[in-house]
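Chemist: Data file structure.tsv (TSV, C-alpha atoms and all ligand atoms) is appended below.
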chain	number	residue	atom	x	y	z
A	1	MET	CA	-3.85	-22.92	-24.69
A	2	ASN	CA	-7.06	-21.18	-23.76
A	3	ILE	CA	-7.57	-17.43	-23.48
A	4	TRP	CA	-7.12	-17.33	-19.71
A	5	GLN	CA	-3.84	-19.22	-19.93
A	6	SER	CA	-2.49	-16.95	-22.63
A	7	PHE	CA	-3.57	-13.91	-20.62
A	8	LYS	CA	-1.70	-15.24	-17.61
A	9	ALA	CA	1.36	-15.93	-19.75
A	10	TRP	CA	1.20	-12.39	-21.11
A	11	ARG	CA	0.95	-10.91	-17.63
A	12	GLN	CA	3.82	-13.07	-16.42
A	13	GLY	CA	5.94	-11.98	-19.38
A	14	ARG	CA	5.20	-8.32	-18.72
A	15	TYR	CA	6.08	-8.76	-15.05
A	16	GLU	CA	9.38	-10.42	-15.85
A	17	GLN	CA	10.23	-7.69	-18.36
A	18	ARG	CA	9.57	-5.10	-15.70
A	19	ILE	CA	11.72	-6.89	-13.15
A	20	ALA	CA	14.55	-7.19	-15.67
A	21	LYS	CA	14.27	-3.48	-16.51
A	22	MET	CA	14.30	-2.46	-12.86
A	23	ARG	CA	17.23	-4.77	-12.19
A	24	ASP	CA	19.20	-2.98	-14.90
A	25	ALA	CA	18.25	0.35	-13.39
A	26	GLY	CA	19.03	-0.87	-9.87
A	27	LYS	CA	15.61	0.24	-8.67
A	28	CYS	CA	12.99	-1.46	-6.55
A	29	PRO	CA	10.14	-2.66	-8.83
A	30	ASP	CA	7.51	-2.06	-6.15
A	31	CYS	CA	8.11	1.67	-5.77
A	32	ASP	CA	10.11	2.50	-8.93
A	33	GLY	CA	13.11	3.34	-6.77
A	34	LYS	CA	11.31	6.05	-4.80
A	35	GLY	CA	11.55	4.14	-1.52
A	36	PHE	CA	7.95	4.80	-0.51
A	37	THR	CA	4.43	4.04	-1.60
A	38	ILE	CA	1.26	6.04	-1.13
A	39	MET	CA	-1.96	4.27	-0.39
A	40	ALA	CA	-4.29	4.80	-3.32
A	41	GLY	CA	-7.62	6.46	-2.71
A	42	ASP	CA	-6.61	8.34	0.42
A	43	TYR	CA	-4.29	11.09	-0.76
A	44	LEU	CA	-5.53	13.76	1.62
A	45	SER	CA	-4.71	11.95	4.83
A	46	ALA	CA	-2.13	9.45	3.61
A	47	ALA	CA	1.48	9.81	4.58
A	48	PRO	CA	4.00	8.11	2.35
A	49	LEU	CA	4.81	4.66	3.68
A	50	ASP	CA	8.20	3.05	3.44
A	51	CYS	CA	8.07	0.57	0.61
A	52	ALA	CA	7.57	-2.95	1.95
A	53	GLY	CA	9.62	-4.43	-0.89
A	54	CYS	CA	12.86	-2.54	-0.32
A	55	ASN	CA	12.33	-1.18	3.22
A	56	GLY	CA	12.51	2.37	1.95
A	57	SER	CA	15.89	2.22	0.25
A	58	GLY	CA	14.49	2.07	-3.30
A	59	SER	CA	17.27	-0.22	-4.46
A	60	PHE	CA	16.83	-3.43	-6.40
A	61	SER	CA	19.33	-5.37	-4.26
A	62	ASP	CA	17.26	-4.70	-1.13
A	63	TRP	CA	14.04	-5.66	-2.92
A	64	GLU	CA	15.61	-8.92	-4.06
A	65	LYS	CA	16.25	-10.17	-0.51
B	101	ZN	ZN	10.60	-0.24	-2.97
Write the structure described by the file as structure tokens, please.

Modeler:
Amino acid sequence: MNIWQSFKAWRQGRYEQRIAKMRDAGKCPDCDGKGFTIMAGDYLSAAPLDCAGCNGSGSFSDWEK
């Protein structure tokens, strides 16, 4: 296994851990259960957007669909 492959495996493992944690918490992994995301780099003019993963509900079951 080369370095790039092990890096990818590490990232994948971290991602799966995060999904499992958010599943236990019942929260959407994309927005941490907040239901919205804010576009980075444009805080002054940005309005919070409904999270695309959970359609703004913040719940894991909606994200899963
Ligand atoms: Zn969400």

Chemist: List as a ChimeraX atom specification: which residues have an atom within 12 Å of (4.5, -0.3, -8.5), counting all atoms listed in the file?

Modeler: /A:15,18-19,22,27-40,51-54,58

Chemist: Those residues you just picked out, can you put them in a file as a PDB file, in the frame of the given file with C-alpha atoms?

Modeler:
ATOM      1  CA  TYR A  15       6.080  -8.760 -15.050  1.00  0.00           C
ATOM      2  CA  ARG A  18       9.570  -5.100 -15.700  1.00  0.00           C
ATOM      3  CA  ILE A  19      11.720  -6.890 -13.150  1.00  0.00           C
ATOM      4  CA  MET A  22      14.300  -2.460 -12.860  1.00  0.00           C
ATOM      5  CA  LYS A  27      15.610   0.240  -8.670  1.00  0.00           C
ATOM      6  CA  CYS A  28      12.990  -1.460  -6.550  1.00  0.00           C
ATOM      7  CA  PRO A  29      10.140  -2.660  -8.830  1.00  0.00           C
ATOM      8  CA  ASP A  30       7.510  -2.060  -6.150  1.00  0.00           C
ATOM      9  CA  CYS A  31       8.110   1.670  -5.770  1.00  0.00           C
ATOM     10  CA  ASP A  32      10.110   2.500  -8.930  1.00  0.00           C
ATOM     11  CA  GLY A  33      13.110   3.340  -6.770  1.00  0.00           C
ATOM     12  CA  LYS A  34      11.310   6.050  -4.800  1.00  0.00           C
ATOM     13  CA  GLY A  35      11.550   4.140  -1.520  1.00  0.00           C
ATOM     14  CA  PHE A  36       7.950   4.800  -0.510  1.00  0.00           C
ATOM     15  CA  THR A  37       4.430   4.040  -1.600  1.00  0.00           C
ATOM     16  CA  ILE A  38       1.260   6.040  -1.130  1.00  0.00           C
ATOM     17  CA  MET A  39      -1.960   4.270  -0.390  1.00  0.00           C
ATOM     18  CA  ALA A  40      -4.290   4.800  -3.320  1.00  0.00           C
ATOM     19  CA  CYS A  51       8.070   0.570   0.610  1.00  0.00           C
ATOM     20  CA  ALA A  52       7.570  -2.950   1.950  1.00  0.00           C
ATOM     21  CA  GLY A  53       9.620  -4.430  -0.890  1.00  0.00           C
ATOM     22  CA  CYS A  54      12.860  -2.540  -0.320  1.00  0.00           C
ATOM     23  CA  GLY A  58      14.490   2.070  -3.300  1.00  0.00           C
TER      24      GLY A  58
END

Chemist: Check the smallest atom-to-atom distance from each of A:Gln17, A:Asn55, A:Gln12, A:Ser61 to ligand ZN 101 (chain B) using only C-alpha atoms and all ligand atoms, then report the winner.

Modeler: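 For ligand ZN 101 (chain B), the nearest of the candidates is A:Asn55.
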
Chemist: Ranking A:Ser6, A:Gly56, A:Leu49, A:Asp24 by minimum distance to ligand ZN 101 (chain B) and counting only C-alpha atoms and all ligand atoms, which one comes first?

Modeler: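 Closest candidate: A:Gly56.
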
Chemist: What separation in Å, quoted to one decimal, exists between atom CA of Gly26 of chain A and atom CA of Ala47 of chain A?

Modeler: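 Here the two named atoms are 25.1 Å from each other.
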
Chemist: One number please: atom CA of Ala20 of chain A to atom CA of Glu64 of chain A, in Å, one decimal.

Modeler: 11.8 Å

Chemist: Using only C-alpha atoms and all ligand atoms, which of the listed residues (A:Lys8, A:Glu16, A:Lys65, A:Ser59) sits closest to ligand ZN 101 (chain B)?

Modeler: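 Ranking A:Lys8, A:Glu16, A:Lys65, A:Ser59 by distance to ligand ZN 101 (chain B), first place goes to A:Ser59.
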
Chemist: Could you tell me how far atom CA of Ser57 of chain A sits from atom CA of Gly13 of chain A, in Å to one decimal place?

Modeler: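 Computed distance, atom CA of Gly13 of chain A to atom CA of Ser57 of chain A, equals 26.2 Å.
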